[in-house]
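S.K.: First the structure, then my questions, so here it is.
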Amino acid sequence: MPGRPATIDPSTDAAGVQAAFKRDVDRVFWWYVAGFLVFVVVLALLEQAGLPRRWIGSIFLLATIGLYATIGVLSRTHDAVEYYVAGRRVPAIYNGMATGADWMSAASFIGLGGTLYIAGYGGLAFIMGWTGGYCLVALFLAPYLRRFGQFTVPDFLGERYGGNLPRFLGIVAAILCSFTYVVAQISGVGLITSHLTGVQFELGIFLGLGGILVCSFLGGMRAVTWTQVAQYVILIVAYLVPVVWLSVKQTGIPVPQLIYGYQLEKVTAIERKLQADAGERAVRDVFQQRSRELSSKLEDPATALAAERVAAKVRLDRLRHVQGSGSAADVAAAEKALAALPVDAETARETWAAAKERADLKSLPLNGMVPHAQTFTGDPTGNVGAQDAYNIARRNFLALTFCLMVGTAALPHILMRYYTVPSVRQARASVSWSLLFIFLLYFTAPALAVLVKFEIFTLVVGTPFDQLPRWISSWSKVDPSLLSVTDVNQDGILQLNEMNISGDIVVLAMPEIGGMPYVISALVAAGGLAAALSTADGLLLTVANALSHDLYYKMIDPNASTARRVALSKMLLLVVALAASYVASQRPADILFLVSAAFSFAAAAFFPALTLGIFWGRATGVAASLGMVAGLGTTAHYMVMTQPWLRGIFGITSPVRLWWDIQPISAGLFGVPVGFAVIVLVSLLTPRPGPRIARLVEAIRYPNPRDG
Amino acid sequence: MAVTRRQRAYWRKNLALTTGLLAVWFIVTFVVSFFARELSFSFFGWPFSFWMGAQGALLVYGAIIWFYARTMDKLDARYELQENDD
C-alpha cells in the first residue's frame, strides 16, 4: 500500500499534492481489493479440487499476516509526524475505513452476532451504543481536536488545562482503558489462530503478536493506518459473504438487511410453538426437578454432602464386589463420581448454588432466552414481580446504551485518528465515512442473529440425535463449554433446552451451520483475526505514544530529539505488547467485562473534561483534574463493589448493593455525571483561567483561514 | 485578541445546530427505546421498536453526522470569506 510519498512535482500547491496522493492511493486500493477476491476464489477452486482443510486455514492465516507485515515494512518511518499522525494527509475516506477497522474489534466481529442471538432485542443496546456514540464524536470532539492539531488526547488536556497534572491523569486513564481493551483483543487473536491452524492457544497469541508488531513497530501510525485499510476490506467481506449466503438459502434474496424482518416473524411463530411443545416441557420439568433437589441439598450442604459420599461409596463397593453387577467401565465411572464430589461443605455449597442457577435458567422456556423480538423481559401490566422485571430490564438497556455511546466518544485510540486527516473539514467528513463503514457490519449483525436462529430452530431443534448435522459434534469436540448437547429427557430427539451454545461461536460456526464450503469458514476466521489485530494495533500505539510522547517528551525531557522519541516509542510498544500478551495468556476471567469496563472508564475519565474544555472556557485545570479523578473513582468503586470477578480479586465480601438495580457493566452511568458535576462546581470556586487558555479555546472554536 | 461579533455569531450558530441535532439523537436513542414496548407495531415484518434499534436509529445517526458536516462546511466557508474581506 501507499507507504511511499506521492510522486509529484513539488511546485504544485498543497491541495494538488493531496489530490494526486489520493489518486495514487485509490489505484493501489482497487488493485488490492481485486487481488483479495481472486485469492479467495482460487482457494475455493483448490478446495473443490481436494486441498485439505488444515491447508486452507493455514494459507489464509499466513497470507493475511504476511500482507500486514509487508505493508508495515513498506511504510517504515522515523519521522515524528509520519510516525504519530501518518503525515496528516490520510484522505477522509481511507481514514474512515481505518477508523472502522480500528473500531470493530474481536468483540464486534465475533461477539456481537452471538450476543444478539442470545439476547434478541436486548442486544440492540450494543448496536445503538457503538454507532450512536459517533454522533457525540462528530458534534463535540473530532473537529475541535483536529483544529487543536497536536498528537494525542493527553496533549489536549495538558495544553487546555495547563500544568502537568491533567496531562498525567490523561496518560493514566488512556493507558488504563487501552490496556484492558488490548488484552481482550490479544485473547481473541489466540482463540482464532489456534482454531484455524490447530496450534496451542499461547503459541497462537505470539503468532498474532508478530503480525501486530511488525506493523506498528516499524511504521507507527502510518503503517497502522494503511494496514487497517487492508484489514477493513478483509473483515467486511468475511462478515457479509456468509450472511448473504444464508439469506439466499432461506429466502432467495441476497440482501439480508432488508428482508430479515420476515424471517423474524417466522422465528417468533416458532418460538410460540416451542414454548408449548410437549418435548420442550418435559425437558424443562427435568431441570425444574434438578433445581428442587439442589435447593433441598443447599439447605444443609454438610449433611447432604456426607450422605452423597456414603451413597457413592456403597455403589462403588457393590460394583466391585458383587459378581456380574457391572463392567470395568461402570466401576471406573463410579470411582470418578466419588472423586468428583466436592471436598468440603463450603465448596459443595458454591458448586451446588452455581448448578442450581444453571438448572433454573434451563427450566425457562426457550433455553432461558427472551423471545427474539420481545422488548425487555417482564410485563408492565402484569403482577408486581413482572412490572419490576420490566422496569429493571428497560433501565439497564438505556444505561448500557448511554455508557457505550459516551465511551465510544472518549476512547483515546479512536479520537487519535482524527489528528491524521489533513484538515478540520476532512475531520468532519471522516466521521461520516467511519460511520458508513461501521454501519455495514452493524446493519448485518442483527440479520445474522435472526437467520442463524431460524436455521437452528428449523434444522437442528426437533432432529433425532443420530441425525444431527456434523458441525455440532465437531465444535463440541473443540470445547464442550462452547457447544454441547445432551438428551436430558431421553426421547432421542434434540429439544432447544437440551443444547448449550456459547455466543462466542455463533459467528465462527455460522458457515458450517449454513452448510457452506470450508473456504468460507477460513475467510470468517481471517476476518475475525483482522478485526482483532487492527484494534490491537491502534490500542498498542495509543499506549506507547502516551508513554513516549506525553510522559517522556512533554513531562520528563522536553529537549529529547525527534529520533530519540520515536525510538523510545518503538521500544515501549514492544514492552507493552509483551506485557499485554502475558496477561492474555493468563486468560483473565471475564473478557467481555474487560471490554465494557474500558468503555465505562473512558467515558467517566475523558468525556466531561474534553467537552467542557472545548465548550466552557471557564473550566479550570484544578477542576478538570478533580473531575477526572472523581469520575474514574466513582466508576471503579461501583465496579469493584458489584462485579463478581473484581469482588473476588479485591476480597470484597459485603452483600452486593446495586444502585437503582444498574448492572456493573454500566458503571459509567454514575461516573460521567459525577465528573461533570465536580468540574462545574470546582471551576466556579477556582479563579478563571488565564488569557493564554482563553486564546486557545478561541483558536479551537473558530475556523482559521489557514487550516481550511 | 477580543472575540469579534462575527466570531460570536459563528459560535452561536454552531451551538444552535449542535443542540438541535443532539435533541434528535436523544429522542431517537432514549425516548424511542423507553417506549419500545408501546411502539411494537409491525413494520415490514419487524416490530417497529426492534427495527428502530437495529436500523432506524443508525440511519438517523448517519443523517445527523452528514448534516452537521455539510452545514458546518458551509458556515466555515462563509465565515472565512467574511474574514478575508477585512
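Letters A, B, ... go to the chains of the C-alpha cells in the order shown; residues in each chain start at 1; ligands are counted from 1 in the same order.
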Distance limit 9 Å, atoms considered: only C-alpha atoms. Which chain A residues sit that close to chain B? Return them as number ranges by chain.
M.R.: A: 121, 124-125, 127-129, 131-136, 138-140, 257, 259-265, 373-376, 380, 394-395, 397-398, 401-402, 425, 428-429, 431-432, 435-436, 439, 442-443, 445-447, 695, 698, 701-705, 708
S.K.: I need the residues of stretch 270-483 of chain A that end up classed as alpha helix (DSSP H) by DSSP on the backbone, written out as an MDAnalysis selection string.
M.R.: chainID A and resid 270:276 278:299 301:321 328:340 345:362 384:408 412:415 424:455 470:478
S.K.: Using only C-alpha atoms, which protein or nucleic acid residues come within 6 Å of A:Ala522? Drop anything in the same chain fewer than 3 positions from it, and give the result as a PyMOL selection string.
M.R.: chain A and resi 57+519+525
S.K.: Residues near A:Leu523, anyone? I mean within 9 Å using only C-alpha atoms, not counting same-chain ones fewer than 5 positions away, as a list of chain:residue names.
M.R.: A:Val40, A:Gly57, A:Phe60, A:Ile234, A:Leu235, A:Val237, A:Ala238, A:Tyr239, A:Tyr518, A:Gly528
S.K.: Could you save those same residues with N, CA and C atoms as a PDB file, in the first residue's frame?
M.R.:
```pdb
ATOM      1  N   VAL A  40      -9.423 -15.423  -2.787  1.00  0.00           N
ATOM      2  CA  VAL A  40     -10.476 -16.237  -2.186  1.00  0.00           C
ATOM      3  C   VAL A  40     -11.041 -17.223  -3.204  1.00  0.00           C
ATOM      4  N   GLY A  57      -6.872 -23.304   5.950  1.00  0.00           N
ATOM      5  CA  GLY A  57      -6.797 -22.435   7.125  1.00  0.00           C
ATOM      6  C   GLY A  57      -5.424 -21.806   7.268  1.00  0.00           C
ATOM      7  N   PHE A  60      -4.639 -19.133   4.572  1.00  0.00           N
ATOM      8  CA  PHE A  60      -5.344 -17.889   4.874  1.00  0.00           C
ATOM      9  C   PHE A  60      -4.604 -17.113   5.950  1.00  0.00           C
ATOM     10  N   ILE A 234     -10.844  -7.013   4.374  1.00  0.00           N
ATOM     11  CA  ILE A 234     -10.954  -8.437   4.680  1.00  0.00           C
ATOM     12  C   ILE A 234     -12.095  -8.684   5.659  1.00  0.00           C
ATOM     13  N   LEU A 235     -12.179  -7.864   6.700  1.00  0.00           N
ATOM     14  CA  LEU A 235     -13.175  -8.180   7.720  1.00  0.00           C
ATOM     15  C   LEU A 235     -14.592  -7.946   7.222  1.00  0.00           C
ATOM     16  N   VAL A 237     -15.707  -8.148   4.033  1.00  0.00           N
ATOM     17  CA  VAL A 237     -16.049  -9.213   3.082  1.00  0.00           C
ATOM     18  C   VAL A 237     -16.369 -10.492   3.865  1.00  0.00           C
ATOM     19  N   ALA A 238     -15.532 -10.791   4.857  1.00  0.00           N
ATOM     20  CA  ALA A 238     -15.715 -12.007   5.639  1.00  0.00           C
ATOM     21  C   ALA A 238     -17.023 -11.996   6.409  1.00  0.00           C
ATOM     22  N   TYR A 239     -17.479 -10.818   6.811  1.00  0.00           N
ATOM     23  CA  TYR A 239     -18.723 -10.770   7.583  1.00  0.00           C
ATOM     24  C   TYR A 239     -19.932 -10.882   6.668  1.00  0.00           C
ATOM     25  N   TYR A 518     -15.670 -25.012   3.178  1.00  0.00           N
ATOM     26  CA  TYR A 518     -14.755 -24.662   4.268  1.00  0.00           C
ATOM     27  C   TYR A 518     -14.037 -23.351   4.030  1.00  0.00           C
ATOM     28  N   GLY A 528     -12.145 -12.313  11.480  1.00  0.00           N
ATOM     29  CA  GLY A 528     -12.094 -12.087  12.921  1.00  0.00           C
ATOM     30  C   GLY A 528     -10.696 -11.701  13.360  1.00  0.00           C
TER      31      GLY A 528
END
```
S.K.: Could you name the residues that touch A:Leu37 at 12 Å or less, counting only C-alpha atoms, but leaving out those on the same chain fewer than 4 positions away, as a ChimeraX atom specification?
M.R.: /A:30-33,41-44,233-234,237-238,241,523
